[in-house]
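K.L.:
Below you'll find model35.txt; it's compact mmCIF, C-alpha atoms.
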```txt
# COMPACT_ATOMS: atom_id res chain seq x y z
CA ASN A 1 -7.11 5.96 23.20
CA SER A 2 -4.07 4.28 21.69
CA ASN A 3 -1.92 5.45 24.59
CA ASN A 4 -3.58 2.75 26.68
CA ASN A 5 -2.22 0.08 24.39
CA ASN A 6 -1.29 -3.01 26.39
CA ASN A 7 1.76 -3.82 24.28
CA ASN A 8 5.10 -3.73 26.08
CA SER A 9 6.74 -1.99 23.14
CA ILE A 10 6.57 1.25 21.20
CA THR A 11 8.49 -0.01 18.19
CA THR A 12 7.10 0.28 14.67
CA ASN A 13 7.80 -1.39 11.35
CA ASN A 14 9.59 1.70 10.05
CA THR A 15 13.33 1.24 9.85
CA SER A 16 14.39 4.86 9.63
CA SER A 17 13.91 5.37 13.35
CA ASN A 18 16.13 2.39 14.11
CA ASN A 19 18.90 3.66 11.86
CA SER A 20 18.68 7.35 12.40
CA ASN A 21 21.59 8.45 10.25
CA ASN A 22 20.63 6.77 6.97
CA ASP A 23 19.39 9.98 5.39
CA ILE A 24 21.59 12.49 7.19
CA PRO A 25 24.52 13.98 5.23
CA SER A 26 27.87 12.85 6.56
CA ASN A 27 29.02 16.43 7.08
CA THR A 28 26.12 17.23 9.40
CA THR A 29 27.06 17.96 13.01
CA ALA A 30 25.52 15.50 15.46
CA PRO A 31 23.04 16.82 18.05
CA ASP A 32 24.73 18.35 21.07
CA THR A 33 24.61 15.90 23.96
CA ALA A 34 26.61 18.04 26.37
CA ALA A 35 23.40 18.97 28.18
CA THR A 36 22.82 15.33 29.06
CA GLN A 37 26.04 14.89 31.02
CA GLN A 38 24.45 15.74 34.36
CA THR A 39 21.67 13.20 33.81
CA PHE A 40 23.35 10.29 32.07
CA GLU A 41 26.47 8.34 32.85
CA LEU A 42 29.07 8.51 30.14
CA LYS A 43 31.43 5.85 28.90
CA SER A 44 34.99 5.94 30.10
CA ASP A 45 35.99 7.71 26.89
CA GLY A 46 33.51 10.50 27.55
CA THR A 47 30.96 9.52 24.90
CA LEU A 48 27.29 8.94 25.62
CA LYS A 49 26.16 5.42 26.33
CA ASP A 50 24.46 3.42 23.61
CA PRO A 51 20.76 2.54 24.15
CA GLU A 52 21.53 -0.92 25.48
CA GLU A 53 23.82 0.59 28.11
CA MET A 54 21.12 2.83 29.54
CA THR A 55 18.26 2.01 31.86
CA VAL A 56 14.66 2.37 30.69
CA SER A 57 14.27 5.67 32.56
CA GLU A 58 17.54 7.01 31.13
CA ARG A 59 16.46 6.19 27.59
CA SER A 60 13.13 7.94 28.20
CA ALA A 61 14.83 11.02 29.59
CA PHE A 62 17.33 11.08 26.73
CA ALA A 63 14.51 10.92 24.17
CA LEU A 64 12.97 14.01 25.78
CA LYS A 65 16.33 15.75 25.68
CA CYS A 66 16.64 14.92 21.97
CA LYS A 67 13.19 16.39 21.44
CA GLU A 68 14.27 19.63 23.13
CA ILE A 69 17.42 19.78 21.02
CA GLY A 70 15.41 19.13 17.87
CA ASN A 71 12.90 21.82 18.79
CA ARG A 72 15.69 24.36 19.13
CA GLY A 73 17.04 23.35 15.74
CA PHE A 74 13.59 23.60 14.20
CA LYS A 75 13.04 27.11 15.55
CA GLU A 76 16.37 28.14 14.04
CA GLY A 77 15.48 26.65 10.66
CA GLU A 78 18.11 23.90 10.92
CA TRP A 79 15.88 21.20 9.51
CA THR A 80 18.44 18.42 9.03
CA TYR A 81 19.89 18.99 12.48
CA ALA A 82 16.40 18.87 14.00
CA ALA A 83 15.57 15.68 12.09
CA MET A 84 18.69 13.97 13.38
CA ALA A 85 17.87 14.89 16.96
CA TYR A 86 14.29 13.65 16.69
CA GLU A 87 15.36 10.40 15.02
CA GLU A 88 18.01 9.85 17.68
CA GLY A 89 15.36 10.26 20.35
CA LEU A 90 13.21 7.63 18.66
CA ARG A 91 16.17 5.28 18.33
CA TYR A 92 16.73 5.31 22.08
CA LEU A 93 13.03 5.27 22.90
CA GLN A 94 12.29 2.28 20.67
CA TYR A 95 15.22 0.16 21.81
CA GLU A 96 14.38 -3.42 22.71
CA PRO A 97 16.89 -6.00 23.90
CA GLY A 98 17.19 -9.19 21.92
CA GLU A 99 19.44 -11.25 19.71
CA GLN A 100 19.67 -11.40 15.91
CA GLY A 101 16.65 -9.13 15.48
CA VAL A 102 14.42 -11.19 17.79
CA PRO A 103 13.13 -9.15 20.78
CA ASP A 104 13.53 -10.53 24.28
CA ALA A 105 10.05 -11.80 25.23
CA THR A 106 10.77 -11.17 28.91
CA TYR A 107 11.66 -7.51 28.42
CA ASP A 108 9.63 -5.13 30.61
CA HIS A 109 9.43 -1.61 29.23
CA GLY A 110 8.78 -0.26 32.71
CA GLY A 111 5.08 -0.71 33.33
CA GLU A 112 1.94 0.85 31.89
CA ASP A 113 2.68 4.38 33.11
CA ARG A 114 6.14 4.39 31.58
CA LEU A 115 4.80 2.90 28.36
CA ALA A 116 2.06 5.54 28.12
CA THR A 117 4.54 8.35 28.74
CA ASP A 118 6.99 7.01 26.18
CA MET A 119 4.22 6.54 23.62
CA ALA A 120 3.27 10.20 24.05
CA THR A 121 6.90 11.16 23.49
CA ALA A 122 7.12 8.91 20.43
CA ILE A 123 3.97 10.45 18.93
CA SER A 124 5.41 13.91 19.47
CA LEU A 125 8.71 12.91 17.83
CA PHE A 126 6.91 11.40 14.84
CA LEU A 127 4.87 14.58 14.40
CA ASN A 128 7.92 16.79 14.73
CA LEU A 129 9.70 14.69 12.13
CA ALA A 130 6.71 15.06 9.83
CA ALA A 131 6.93 18.85 10.22
CA VAL A 132 10.65 18.76 9.38
CA MET A 133 10.09 16.58 6.33
CA LEU A 134 7.43 18.99 5.06
CA LYS A 135 9.99 21.79 5.36
CA LEU A 136 12.55 19.69 3.47
CA GLY A 137 10.08 18.75 0.73
CA GLU A 138 10.26 15.09 1.79
CA ASP A 139 6.50 14.65 1.58
CA ARG A 140 6.44 10.87 1.40
CA ARG A 141 8.51 10.59 4.55
CA ALA A 142 6.30 13.19 6.22
CA GLU A 143 3.22 11.13 5.38
CA ASN A 144 4.91 8.02 6.72
CA TYR A 145 5.75 9.65 10.04
CA CYS A 146 2.15 10.87 10.37
CA ALA A 147 0.91 7.34 9.69
CA GLN A 148 3.13 6.02 12.47
CA ALA A 149 1.79 8.62 14.90
CA LEU A 150 -1.76 7.66 13.91
CA SER A 151 -1.00 3.98 14.52
CA PHE A 152 -0.60 4.93 18.19
CA GLN A 153 -3.26 7.64 18.35
CA PRO A 154 -5.84 7.48 15.52
CA ASP A 155 -7.63 10.64 16.68
CA ASN A 156 -4.56 12.88 16.59
CA CYS A 157 -5.63 15.95 14.61
CA LYS A 158 -2.11 17.24 14.10
CA ALA A 159 -1.14 13.94 12.48
CA HIS A 160 -4.17 14.02 10.17
CA PHE A 161 -3.47 17.65 9.25
CA ARG A 162 0.20 17.14 8.40
CA ARG A 163 -0.66 13.97 6.53
CA ALA A 164 -3.17 15.97 4.48
CA GLN A 165 -0.47 18.54 3.71
CA ALA A 166 1.95 15.84 2.56
CA LEU A 167 -0.69 14.08 0.45
CA LEU A 168 -1.70 17.34 -1.23
CA ASN A 169 1.93 18.13 -2.02
CA MET A 170 2.30 14.69 -3.62
CA GLY A 171 -0.80 15.19 -5.76
CA TYR A 172 -3.07 12.77 -3.90
CA HIS A 173 -5.92 15.26 -3.82
CA LEU A 174 -8.73 12.93 -2.77
CA ASP A 175 -6.65 11.36 -0.01
CA ALA A 176 -5.70 14.85 1.16
CA GLN A 177 -9.38 15.79 1.29
CA ASP A 178 -10.10 12.71 3.38
CA ALA A 179 -7.28 13.50 5.81
CA ALA A 180 -8.39 17.13 6.15
CA THR A 181 -11.95 15.93 6.73
CA GLN A 182 -10.68 13.73 9.56
CA VAL A 183 -9.45 16.89 11.27
CA LEU A 184 -12.73 18.74 10.73
CA ARG A 185 -14.76 15.84 12.12
CA ARG A 186 -12.93 16.37 15.38
CA GLU A 187 -12.38 20.13 15.15
CA PRO A 188 -15.16 21.59 12.97
CA THR A 189 -13.97 25.18 13.43
CA ASN A 190 -10.32 24.53 12.55
CA ARG A 191 -9.71 27.25 9.95
CA GLU A 192 -6.42 25.84 8.73
CA ALA A 193 -8.03 22.48 8.08
CA GLN A 194 -10.94 24.19 6.33
CA GLN A 195 -8.52 26.03 4.04
CA LEU A 196 -6.51 22.87 3.43
CA LEU A 197 -9.67 21.04 2.42
CA ARG A 198 -10.60 23.84 0.02
CA ASN A 199 -7.10 23.74 -1.46
CA ALA A 200 -7.33 19.98 -1.99
CA GLU A 201 -10.76 20.29 -3.61
CA LEU A 202 -9.51 23.06 -5.91
CA ALA A 203 -6.44 21.03 -6.86
CA GLU A 204 -8.66 18.06 -7.73
CA ARG A 205 -10.91 20.21 -9.92
CA LYS A 206 -7.90 21.65 -11.74
CA ALA A 207 -6.47 18.17 -12.27
CA LYS A 208 -9.75 16.99 -13.79
CA GLN A 209 -9.88 20.04 -16.06
CA GLN A 210 -6.35 19.40 -17.25
CA GLU A 211 -7.22 15.75 -17.87
CA LYS A 212 -10.27 16.72 -19.95
CA SER A 213 -8.23 19.23 -21.91
CA LEU A 214 -5.55 16.64 -22.62
CA PHE A 215 -8.06 14.08 -23.90
CA ALA A 216 -9.79 16.72 -26.01
CA LYS A 217 -6.49 17.52 -27.70
CA MET A 218 -5.82 13.82 -28.25
CA LEU A 219 -9.22 13.31 -29.87
CA ALA A 220 -8.81 16.40 -32.03
CA SER A 221 -5.54 15.14 -33.40
```
Written as structure tokens, how would this file's structure read?

P.N.:
Amino acid sequence: NSNNNNNNSITTNNTSSNNSNNDIPSNTTAPDTAATQQTFELKSDGTLKDPEEMTVSERSAFALKCKEIGNRGFKEGEWTYAAMAYEEGLRYLQYEPGEQGVPDATYDHGGEDRLATDMATAISLFLNLAAVMLKLGEDRRAENYCAQALSFQPDNCKAHFRRAQALLNMGYHLDAQDAATQVLRREPTNREAQQLLRNAELAERKAKQQEKSLFAKMLAS
């Protein structure tokens, strides 16, 4: 299982999680952090500490709080708000000390148990972000978040399923079939995955028919 990874980091090569506001409209209200005041020390001006000002355990707890906030936003259909909360959680969770983009080689994330727990949280945040991006029609970003979750946990069925949805939406019918099949290899009775696979197969057949029709017209002319 990827959660037993011996790395002392849960960072990825994706930059969106390290700069969580890149794709958030400027008029969007930031996630409510009032609920964190009893758990986390605030700066003297009353604002929440930056990642580097928190301890490892505080960053982990804050990431979970961001997940809760994002989940509430998701249930209320506030997709952009939910995305910002999830991305903020990842930003704190993936923080690594260092200088000029070079991580501190002596940094201890908090031991194997802490690393495993934070990886599980990161996977959940990636999957939640994928769900939000599917709602927003941001299929490429949804696929990317699923890929990041799978880099930690290759057997995650939810990641394969949402990746299949994103791929189908983008017109990658064969890739969508493969991703749906990955789910069914692990969960043969998953009806949603079965239907998704059928949808991808049907879309591929229709695409081939359209291609044949187009070439027939070209030859006739």

K.L.:
Hey, can you check how far CA of Pro97 (chain A) sits from CA of Gly70 (chain A)?

P.N.:
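Computed distance, CA of Pro97 (chain A) to CA of Gly70 (chain A), equals 25.9 Å.
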
K.L.:
Write out as a list in words each polymer residue whose atoms come within 9 Å of Asn128 (chain A), counting only C-alpha atoms; drop sequence neighbours fewer than 3 positions from it.

P.N.:
Lys67, Gly70, Asn71, Phe74, Ala82, Ala83, Tyr86, Ile123, Ser124, Leu125, Ala131, Val132, Met133 and Tyr145 of chain A

K.L.:
Which region 135-167 of chain A residues have any atom within 9 Å of an atom of region 189-196 of chain A, and for each, what is the nearest pair of atoms with distance in Å to one decimal, counting only C-alpha atoms, rows sorted by chain and number, as JSON lines?

P.N.:
```
{"residue": "A:Phe161", "atom": "CA", "partner": "A:Ala193", "partner_atom": "CA", "distance": 6.7}
{"residue": "A:Ala164", "atom": "CA", "partner": "A:Leu196", "partner_atom": "CA", "distance": 7.7}
{"residue": "A:Gln165", "atom": "CA", "partner": "A:Leu196", "partner_atom": "CA", "distance": 7.4}
```

K.L.:
When you draw a straight line from CA of Leu134 (chain A) to CA of Ala120 (chain A), how long is it in Å?

P.N.:
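These atoms are spaced 21.3 Å apart.
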
K.L.:
A:Ala61, A:Leu136, A:Leu174, A:Ala179: which is nearest Gly77 (chain A), counting all atoms listed in the file?

P.N.:
A:Leu136

K.L.:
Here is a test: counting only C-alpha atoms, which residue of A:Leu202, A:Leu64, A:Ala159, A:Cys146 is nearest to Gly171 (chain A)?

P.N.:
A:Leu202

K.L.:
Using only C-alpha atoms, can you tell me which of A:Pro154, A:Gly46, A:Pro51, A:Gly137 comes closest to Leu90 (chain A)?

P.N.:
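Residue with the minimum atom-to-atom distance to Leu90 (chain A): A:Pro51.
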
K.L.:
Identify which of the residues A:Leu93, A:Lys43, A:Asp155, A:Val56 lies closest to His109 (chain A), counting all atoms listed in the file when measuring atom-to-atom distances.

P.N.:
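The closest residue to His109 (chain A) is A:Val56.
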
K.L.:
Expressed in Å to a single decimal, how great is the separation between CA of Glu138 (chain A) and CA of Arg162 (chain A)?

P.N.:
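So the two atoms, CA of Glu138 (chain A) and CA of Arg162 (chain A), lie 12.2 Å apart.
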
K.L.:
Would you kindly return, as a list of chain:residue names, each protein, DNA or RNA residue with an atom no farther than 12 Å from any atom of Ser57 (chain A), considering all atoms listed in the file and excluding same-chain residues fewer than 6 positions away?

P.N.:
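In the requested form, the answer reads A:Thr39, A:Phe40, A:Pro51, A:Ala63, A:Leu64, A:Tyr92, A:Leu93, A:Asp108, A:His109, A:Gly110, A:Gly111, A:Asp113, A:Arg114, A:Leu115, A:Thr117, A:Asp118.
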
K.L.:
Kindly indicate which residue among A:Lys49, A:Arg163, A:Lys208, A:Arg72 lies nearest to Gln182 (chain A), using all atoms listed in the file for the distances.

P.N.:
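Using all atoms listed in the file, Gln182 (chain A) sits closest to A:Arg163.
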
K.L.:
Rank nothing, just name the residue among A:Leu197, A:Leu214, A:Cys66, A:Leu168 nearest to Ala180 (chain A), using all atoms listed in the file.

P.N.:
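Looking at the shortest contact to Ala180 (chain A), the residue is A:Leu197.
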